[in-house]
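Each remark here refers to the structure printed beneath this line.
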Amino acid sequence: MSVLTVENLRQQFLDKTLYDDTGFTLNQEDHMGIIGQNGVGKSTLIKIITGQMLPDAGKIAWKKKTKIGYLDQYVSLTAKQSIFEFLKTAFDDLYALNAENEKIYASYAENPDDELLAKAGRNQEILEARNFYEVETKIHQVATGLGIDAFGLDREASTLSGGQRSRVILAKLLLEQPDVLLLDEPTNYLDTNHIDWLIDYLVDFPGAYLVISHDYEFLGQITNCVCDIEFGKITKYHGTLKQALRQKAANKETYLKAYTTQQKKIQKTKAYIRKYKAGSRSTMAKSREKQLAHMDVLTPPGNLAVSHFSFPYQPSAVRMLLEVSDLVVGYDKPLLAPFNFSIMQAEKVAITGFNGIGKSTLLKTLLGIIPPLKGNFVFSETTKVGYFRQELLWQDPMQTPLQIVHEQAPGLTQKKVRQALARAGIERDNVVKPVKVLSGGEQTKVKLCLLMLFPANLLVLDEPTNHLDDDTKHALAHAIRDFEGSVLLVTHEPEFYQGWIDRVLDIEKLQSGR
């Protein structure tokens, strides 16, 4: 039985068609992945089925009384509320029921009434059936699984960074146990072991879910069906992700052949109409004109922009760019024991080896965003850092990519700014949209575009592959490989750097010479 049916969906932005009379169904047993290149409309689909956006046309029908859980990255976190208190709100109805029972028992003590006792009994059955007395244990289990315990459940929720906030919101969503989960890039900001925990959780999830992700290794382990968005159509494949990708490749080849054949026929028919419309064969020409008007024209293959990254290099006069000595990082308390390492010229280094927020915290400490708790680090005088920060935070979310880049590089003409954005793979119509309405992939490309404008000899990259499709990841990997300077990389996708990384730093093994 289907819990969601999408029919006759149409959506167009300017001259770009996202969906052309298409749809799909999500059944109760479906663990569905949504795939497609950046810009095809995956996040837009989530907005439409959750009612945040109205489509140009189409029908969205949810099964009645379906409890939907949506990973909303912008949910408000109450000031002075701890992470633990925020996670407890996933069980607000149970806590309210328990409070009601306490009042009932207090009233019964003063005025014995069998009806009150019966109501308390019914409430108690609900509390026990839904494991109310194990709620706090469940909160700790999920928090540990997603690495939230590393930055403390007693920490004020409103002070969290973007990545930490995403983990906490995901944890609350999982604790709510909805009938259907809608997750947009849930592995962003998660370390490998936390992704493994999430995989186990989702595989055992009793309801249906729809997951958008460019992490195909992750999707391959959690899905039993896949919806692919391409050519304005949503195509559902049953079976494994590998099977879906093979079938998609075959379908794409068939579609392109059909499109090419149809276009040749259309051009030939138009030429005939132009030639004979006013002549002796005008009746035949008009007949063909009617046939053309009623033809079911195939949607043109997407002309999605392709990314061509290239990071400019600024020469350094010294061999050692960075030296770290007995450094301790953290917020209120140390996350790790002291550790030591150095980065040499033209060395490409990946950081692995510990859980929680440690890796991003280390990068922010090195860049002066947060102070070290102990120890020190020294950059050479000629080190020029280019920093990619994983959070998609903008000073003014209403600014367009054109305005953002021009503001950062005022010496560039508008033409040069547009060319830079095009090289990053940002489509022409997205250049003039507010950055907040762009998909995560498009926003990431804007940040990478900025990184391409300023010469550096040390690139510090914090999860740069988040939100990116496979083609864009490959383009980015090639650009980093070809960069003449040094690279300090944090990523939860080890396959991203296979073949070009020089050294992998396992911080746990570096701590105090262990």
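Identifiers for the structure tokens are assigned positionally: chains receive A, B, ... in sequence, residues are indexed from 1 per chain, and ligands are indexed from 1 in the order shown.
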Shell of 6 Å around stretch 379-383 of chain A, only C-alpha atoms, local chain residues under 6 positions omitted, as JSON, numbers by chain: {"A": [316, 321, 322]}
Give one line per residue of stretch 307-404 of chain A that approaches stretch 471-495 of chain A to at most 10 Å, naming the two atoms of the closest pair and their distance in Å to one decimal, counting only C-alpha atoms; sort by chain then ascending residue number and deliver it as a Markdown table.
| residue | atom | partner | partner_atom | distance |
| --- | --- | --- | --- | --- |
| A:Ser307 | CA | A:Thr472 | CA | 6.0 |
| A:His308 | CA | A:Ala475 | CA | 6.3 |
| A:Phe309 | CA | A:Ala479 | CA | 5.6 |
| A:Ser310 | CA | A:Ala479 | CA | 5.3 |
| A:Phe311 | CA | A:Phe483 | CA | 6.2 |
| A:Pro312 | CA | A:Phe483 | CA | 7.5 |
| A:Tyr313 | CA | A:Glu484 | CA | 6.2 |
| A:Gln314 | CA | A:Gly485 | CA | 7.8 |
| A:Pro315 | CA | A:Gly485 | CA | 7.8 |
| A:Ser316 | CA | A:Gly485 | CA | 8.6 |
| A:Leu321 | CA | A:Ser486 | CA | 8.4 |
| A:Ile343 | CA | A:Ser486 | CA | 7.6 |
| A:Met344 | CA | A:Ser486 | CA | 7.2 |
| A:Gln345 | CA | A:Ser486 | CA | 5.7 |
| A:Ala346 | CA | A:Ser486 | CA | 4.2 |
| A:Glu347 | CA | A:Ser486 | CA | 4.7 |
| A:Lys348 | CA | A:Val487 | CA | 4.5 |
| A:Val349 | CA | A:Leu488 | CA | 5.0 |
| A:Ala350 | CA | A:Leu489 | CA | 4.6 |
| A:Ile351 | CA | A:Val490 | CA | 5.4 |
| A:Thr352 | CA | A:Val490 | CA | 7.3 |
| A:Lys359 | CA | A:Val490 | CA | 6.9 |
| A:Ser360 | CA | A:Val490 | CA | 7.5 |
| A:Leu363 | CA | A:Val490 | CA | 8.8 |
| A:Thr383 | CA | A:Ser486 | CA | 9.9 |
| A:Lys384 | CA | A:Gly485 | CA | 9.8 |
| A:Val385 | CA | A:Ser486 | CA | 9.5 |
| A:Gly386 | CA | A:Val487 | CA | 9.4 |
| A:Tyr387 | CA | A:Leu488 | CA | 9.6 |
| A:Phe388 | CA | A:Leu489 | CA | 9.7 |
| A:Gln390 | CA | A:Val490 | CA | 9.8 |
Straight-line distance linking atom CA of A:Trp197 with atom CA of A:Asn224, stated in Å to one decimal: 18.4 Å
Interface rows for stretch 176-261 of chain A against stretch 42-52 of chain A: nearest pair, Å to one decimal, 9 Å, only C-alpha atoms, as CSV:
residue,atom,partner,partner_atom,distance
A:Leu182,CA,A:Ile46,CA,7.5
A:Leu183,CA,A:Ile46,CA,8.7
A:Asp184,CA,A:Ser43,CA,7.1
A:Ile212,CA,A:Lys42,CA,7.0
A:Ile229,CA,A:Lys42,CA,7.3
Filtered DSSP result for stretch 66-283 of chain A, state helix (DSSP H, G or I), as a ChimeraX atom specification: /A:83-110,114-129,132-145,148-151,157-159,162-176,192-203,216-222,241-276,282-283
What lies within 12 Å of A:Lys119 using only C-alpha atoms, ignoring chain neighbours under 4 positions off, as a PDB file with N, CA and C atoms, in the first residue's frame?
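Below is the file that was written, selection27.pdb:
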ATOM      1  N   LEU A  97       1.588  13.205  29.026  1.00  0.00           N
ATOM      2  CA  LEU A  97       0.722  12.144  29.540  1.00  0.00           C
ATOM      3  C   LEU A  97       1.144  11.746  30.952  1.00  0.00           C
ATOM      4  N   ASN A  98       2.451  11.674  31.166  1.00  0.00           N
ATOM      5  CA  ASN A  98       2.966  11.334  32.497  1.00  0.00           C
ATOM      6  C   ASN A  98       2.618  12.416  33.514  1.00  0.00           C
ATOM      7  N   GLU A 100       0.062  14.390  33.331  1.00  0.00           N
ATOM      8  CA  GLU A 100      -1.379  14.275  33.569  1.00  0.00           C
ATOM      9  C   GLU A 100      -1.654  13.193  34.618  1.00  0.00           C
ATOM     10  N   ASN A 101      -0.939  12.095  34.515  1.00  0.00           N
ATOM     11  CA  ASN A 101      -1.123  11.023  35.494  1.00  0.00           C
ATOM     12  C   ASN A 101      -0.735  11.467  36.901  1.00  0.00           C
ATOM     13  N   GLU A 102       0.337  12.237  37.020  1.00  0.00           N
ATOM     14  CA  GLU A 102       0.745  12.722  38.341  1.00  0.00           C
ATOM     15  C   GLU A 102      -0.349  13.592  38.956  1.00  0.00           C
ATOM     16  N   LYS A 103      -0.993  14.411  38.116  1.00  0.00           N
ATOM     17  CA  LYS A 103      -2.100  15.239  38.605  1.00  0.00           C
ATOM     18  C   LYS A 103      -3.300  14.373  39.016  1.00  0.00           C
ATOM     19  N   ILE A 104      -3.544  13.332  38.206  1.00  0.00           N
ATOM     20  CA  ILE A 104      -4.661  12.434  38.514  1.00  0.00           C
ATOM     21  C   ILE A 104      -4.440  11.750  39.865  1.00  0.00           C
ATOM     22  N   TYR A 105      -3.201  11.260  40.072  1.00  0.00           N
ATOM     23  CA  TYR A 105      -2.918  10.580  41.337  1.00  0.00           C
ATOM     24  C   TYR A 105      -3.022  11.542  42.525  1.00  0.00           C
ATOM     25  N   TYR A 108      -6.663  12.007  43.110  1.00  0.00           N
ATOM     26  CA  TYR A 108      -7.254  10.786  43.670  1.00  0.00           C
ATOM     27  C   TYR A 108      -6.951  10.656  45.166  1.00  0.00           C
ATOM     28  N   ASP A 113     -11.730   8.490  43.239  1.00  0.00           N
ATOM     29  CA  ASP A 113     -12.733   8.400  42.180  1.00  0.00           C
ATOM     30  C   ASP A 113     -12.273   7.316  41.212  1.00  0.00           C
ATOM     31  N   ASP A 114     -13.115   6.286  41.038  1.00  0.00           N
ATOM     32  CA  ASP A 114     -12.737   5.154  40.189  1.00  0.00           C
ATOM     33  C   ASP A 114     -12.513   5.580  38.737  1.00  0.00           C
ATOM     34  N   GLU A 115     -13.266   6.585  38.277  1.00  0.00           N
ATOM     35  CA  GLU A 115     -13.083   7.044  36.892  1.00  0.00           C
ATOM     36  C   GLU A 115     -11.690   7.648  36.692  1.00  0.00           C
ATOM     37  N   ASN A 123      -3.787   5.724  30.578  1.00  0.00           N
ATOM     38  CA  ASN A 123      -2.574   6.498  30.279  1.00  0.00           C
ATOM     39  C   ASN A 123      -1.322   5.668  30.538  1.00  0.00           C
ATOM     40  N   GLN A 124      -1.362   4.906  31.636  1.00  0.00           N
ATOM     41  CA  GLN A 124      -0.208   4.090  32.004  1.00  0.00           C
ATOM     42  C   GLN A 124       0.077   3.022  30.953  1.00  0.00           C
ATOM     43  N   GLU A 125      -0.975   2.451  30.384  1.00  0.00           N
ATOM     44  CA  GLU A 125      -0.808   1.449  29.332  1.00  0.00           C
ATOM     45  C   GLU A 125      -0.094   2.044  28.122  1.00  0.00           C
ATOM     46  N   ILE A 126      -0.475   3.276  27.778  1.00  0.00           N
ATOM     47  CA  ILE A 126       0.160   3.950  26.641  1.00  0.00           C
ATOM     48  C   ILE A 126       1.638   4.215  26.938  1.00  0.00           C
TER      49      ILE A 126
END
Nearest candidate to A:His140 (options A:Glu85, A:Ser158, A:Lys16, A:Leu448; using only C-alpha atoms): A:Glu85
What's the 12 Å shell around stretch 412-414 of chain A, counting only C-alpha atoms, without same-chain residues fewer than 3 positions away, as a CSV table (one decimal) with N, CA and C atoms, in the first residue's frame?
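What landed in around-v4.csv:
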chain,number,residue,atom,x,y,z
A,401,PRO,N,24.5,34.6,-5.9
A,401,PRO,CA,25.9,34.2,-6.2
A,401,PRO,C,26.7,35.3,-6.9
A,402,LEU,N,26.1,36.0,-7.8
A,402,LEU,CA,26.7,37.1,-8.5
A,402,LEU,C,27.2,38.2,-7.6
A,403,GLN,N,26.3,38.5,-6.6
A,403,GLN,CA,26.6,39.6,-5.7
A,403,GLN,C,27.7,39.1,-4.7
A,404,ILE,N,27.6,37.8,-4.2
A,404,ILE,CA,28.5,37.3,-3.2
A,404,ILE,C,29.9,37.3,-3.8
A,405,VAL,N,30.1,36.8,-5.0
A,405,VAL,CA,31.4,36.7,-5.6
A,405,VAL,C,32.0,38.1,-5.9
A,406,HIS,N,31.1,39.0,-6.4
A,406,HIS,CA,31.6,40.4,-6.7
A,406,HIS,C,32.0,41.1,-5.4
A,407,GLU,N,31.3,40.9,-4.3
A,407,GLU,CA,31.6,41.5,-3.1
A,407,GLU,C,32.9,41.0,-2.6
A,408,GLN,N,33.2,39.8,-2.7
A,408,GLN,CA,34.5,39.2,-2.3
A,408,GLN,C,35.7,39.6,-3.2
A,409,ALA,N,35.4,39.7,-4.5
A,409,ALA,CA,36.4,40.1,-5.5
A,409,ALA,C,35.9,41.3,-6.3
A,417,VAL,N,33.0,37.6,-13.2
A,417,VAL,CA,32.3,36.9,-12.1
A,417,VAL,C,31.4,35.8,-12.7
A,418,ARG,N,30.7,36.1,-13.8
A,418,ARG,CA,29.8,35.1,-14.4
A,418,ARG,C,30.6,33.9,-14.9
A,419,GLN,N,31.8,34.2,-15.5
A,419,GLN,CA,32.6,33.2,-16.0
A,419,GLN,C,33.2,32.3,-14.9
A,420,ALA,N,33.5,32.9,-13.8
A,420,ALA,CA,34.0,32.1,-12.6
A,420,ALA,C,33.0,31.2,-12.1
A,421,LEU,N,31.7,31.7,-12.0
A,421,LEU,CA,30.6,30.9,-11.5
A,421,LEU,C,30.3,29.8,-12.5
A,431,VAL,N,22.6,31.9,-11.0
A,431,VAL,CA,23.6,33.0,-10.7
A,431,VAL,C,22.8,34.2,-10.1
A,432,VAL,N,21.6,34.4,-10.4
A,432,VAL,CA,20.8,35.6,-10.0
A,432,VAL,C,19.7,35.3,-9.0
A,453,LEU,N,39.3,31.9,-6.7
A,453,LEU,CA,39.7,33.3,-7.0
A,453,LEU,C,40.9,33.9,-6.4
A,454,PHE,N,41.4,33.2,-5.3
A,454,PHE,CA,42.5,33.8,-4.5
A,454,PHE,C,43.6,32.7,-4.4
Option closest in space to A:Lys364, from A:Ser161, A:Asp228, A:Lys268, A:Pro112 [counting only C-alpha atoms]: A:Ser161
Show which residues sit within 10 Å of stretch 5-15 of chain A, as an mmCIF file with N, CA and C atoms, in the first residue's frame. Count only C-alpha atoms, and ignore same-chain residues fewer than 3 positions away.
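Here's the written file part12.cif:
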data_model
loop_
_atom_site.group_PDB
_atom_site.id
_atom_site.type_symbol
_atom_site.label_atom_id
_atom_site.label_comp_id
_atom_site.auth_asym_id
_atom_site.auth_seq_id
_atom_site.Cartn_x
_atom_site.Cartn_y
_atom_site.Cartn_z
ATOM 1 N N SER A 2 0.493 2.252 -0.797
ATOM 2 C CA SER A 2 1.310 3.462 -0.900
ATOM 3 C C SER A 2 0.990 4.428 0.241
ATOM 4 N N LEU A 18 12.146 21.177 -14.559
ATOM 5 C CA LEU A 18 12.564 20.198 -13.562
ATOM 6 C C LEU A 18 11.750 18.913 -13.684
ATOM 7 N N TYR A 19 10.422 19.052 -13.730
ATOM 8 C CA TYR A 19 9.538 17.894 -13.821
ATOM 9 C C TYR A 19 8.524 18.150 -14.936
ATOM 10 N N ASP A 20 8.353 17.146 -15.793
ATOM 11 C CA ASP A 20 7.457 17.285 -16.938
ATOM 12 C C ASP A 20 6.444 16.145 -16.921
ATOM 13 N N ASP A 21 5.296 16.384 -16.261
ATOM 14 C CA ASP A 21 4.208 15.409 -16.191
ATOM 15 C C ASP A 21 4.727 14.055 -15.701
ATOM 16 N N THR A 22 5.252 14.051 -14.493
ATOM 17 C CA THR A 22 5.886 12.848 -13.958
ATOM 18 C C THR A 22 5.381 12.562 -12.550
ATOM 19 N N GLY A 23 5.828 11.465 -11.967
ATOM 20 C CA GLY A 23 5.398 11.122 -10.609
ATOM 21 C C GLY A 23 6.030 9.826 -10.137
ATOM 22 N N PHE A 24 5.649 9.403 -8.940
ATOM 23 C CA PHE A 24 6.131 8.154 -8.355
ATOM 24 C C PHE A 24 5.267 7.826 -7.145
ATOM 25 N N THR A 25 5.442 6.617 -6.613
ATOM 26 C CA THR A 25 4.756 6.235 -5.376
ATOM 27 C C THR A 25 5.782 5.758 -4.361
ATOM 28 N N LEU A 26 5.514 6.071 -3.105
ATOM 29 C CA LEU A 26 6.312 5.570 -1.992
ATOM 30 C C LEU A 26 5.435 4.601 -1.217
ATOM 31 N N ASN A 27 5.810 3.334 -1.203
ATOM 32 C CA ASN A 27 5.021 2.315 -0.527
ATOM 33 C C ASN A 27 5.492 2.122 0.913
ATOM 34 N N GLY A 41 16.645 18.912 -9.242
ATOM 35 C CA GLY A 41 15.411 19.150 -8.492
ATOM 36 C C GLY A 41 15.145 18.181 -7.364
ATOM 37 N N THR A 44 14.106 20.268 -4.321
ATOM 38 C CA THR A 44 12.819 20.878 -4.670
ATOM 39 C C THR A 44 11.695 19.862 -4.498
ATOM 40 N N LEU A 45 11.967 18.610 -4.846
ATOM 41 C CA LEU A 45 10.954 17.558 -4.685
ATOM 42 C C LEU A 45 10.549 17.418 -3.222
ATOM 43 N N ILE A 48 8.282 20.204 -2.255
ATOM 44 C CA ILE A 48 6.937 20.066 -2.813
ATOM 45 C C ILE A 48 6.125 19.039 -2.021
ATOM 46 N N ILE A 49 6.718 17.883 -1.721
ATOM 47 C CA ILE A 49 5.921 16.843 -1.050
ATOM 48 C C ILE A 49 5.685 17.170 0.425
ATOM 49 N N LEU A 54 4.572 25.047 -3.746
ATOM 50 C CA LEU A 54 3.501 24.570 -4.607
ATOM 51 C C LEU A 54 4.052 24.315 -6.008
ATOM 52 N N PRO A 55 3.777 23.142 -6.591
ATOM 53 C CA PRO A 55 4.246 22.880 -7.951
ATOM 54 C C PRO A 55 3.413 23.649 -8.967
ATOM 55 N N ASP A 56 3.912 23.761 -10.181
ATOM 56 C CA ASP A 56 3.130 24.394 -11.249
ATOM 57 C C ASP A 56 1.864 23.586 -11.519
ATOM 58 N N ALA A 57 1.971 22.265 -11.418
ATOM 59 C CA ALA A 57 0.820 21.380 -11.598
ATOM 60 C C ALA A 57 1.154 20.042 -10.958
ATOM 61 N N GLY A 58 0.108 19.261 -10.682
ATOM 62 C CA GLY A 58 0.326 17.928 -10.130
ATOM 63 C C GLY A 58 -0.451 17.677 -8.859
ATOM 64 N N LYS A 59 -0.475 16.431 -8.452
ATOM 65 C CA LYS A 59 -1.213 16.006 -7.265
ATOM 66 C C LYS A 59 -0.272 15.296 -6.298
ATOM 67 N N ILE A 60 -0.274 15.745 -5.049
ATOM 68 C CA ILE A 60 0.513 15.131 -3.983
ATOM 69 C C ILE A 60 -0.462 14.571 -2.959
ATOM 70 N N ALA A 61 -0.480 13.259 -2.791
ATOM 71 C CA ALA A 61 -1.454 12.641 -1.884
ATOM 72 C C ALA A 61 -0.754 11.753 -0.860
ATOM 73 N N TRP A 62 -0.860 12.136 0.416
ATOM 74 C CA TRP A 62 -0.341 11.327 1.514
ATOM 75 C C TRP A 62 -1.465 10.460 2.076
ATOM 76 N N LYS A 63 -1.116 9.270 2.503
ATOM 77 C CA LYS A 63 -2.081 8.429 3.200
ATOM 78 C C LYS A 63 -2.525 9.143 4.478
ATOM 79 N N GLY A 232 13.570 15.582 -16.830
ATOM 80 C CA GLY A 232 12.250 16.026 -16.395
ATOM 81 C C GLY A 232 11.361 14.909 -15.895
ATOM 82 N N LYS A 233 11.885 13.696 -15.802
ATOM 83 C CA LYS A 233 11.099 12.544 -15.370
ATOM 84 C C LYS A 233 11.666 11.954 -14.082
ATOM 85 N N ILE A 234 10.769 11.375 -13.278
ATOM 86 C CA ILE A 234 11.168 10.641 -12.073
ATOM 87 C C ILE A 234 10.932 9.168 -12.365
ATOM 88 N N ASP A 429 20.804 30.436 -14.682
ATOM 89 C CA ASP A 429 19.652 31.009 -13.989
ATOM 90 C C ASP A 429 19.859 31.054 -12.476
ATOM 91 N N ASN A 430 20.745 30.181 -11.941
ATOM 92 C CA ASN A 430 21.006 30.182 -10.494
ATOM 93 C C ASN A 430 21.924 31.319 -10.057
#
A:Asn38 surroundings by only C-alpha atoms, 10 Å radius, close-in-sequence under 5 positions cut, as JSON, numbers by chain: {"A": [43, 214, 304, 305, 306, 425, 426, 427, 439, 440, 441, 442, 445, 467, 468, 469, 470, 471, 472]}
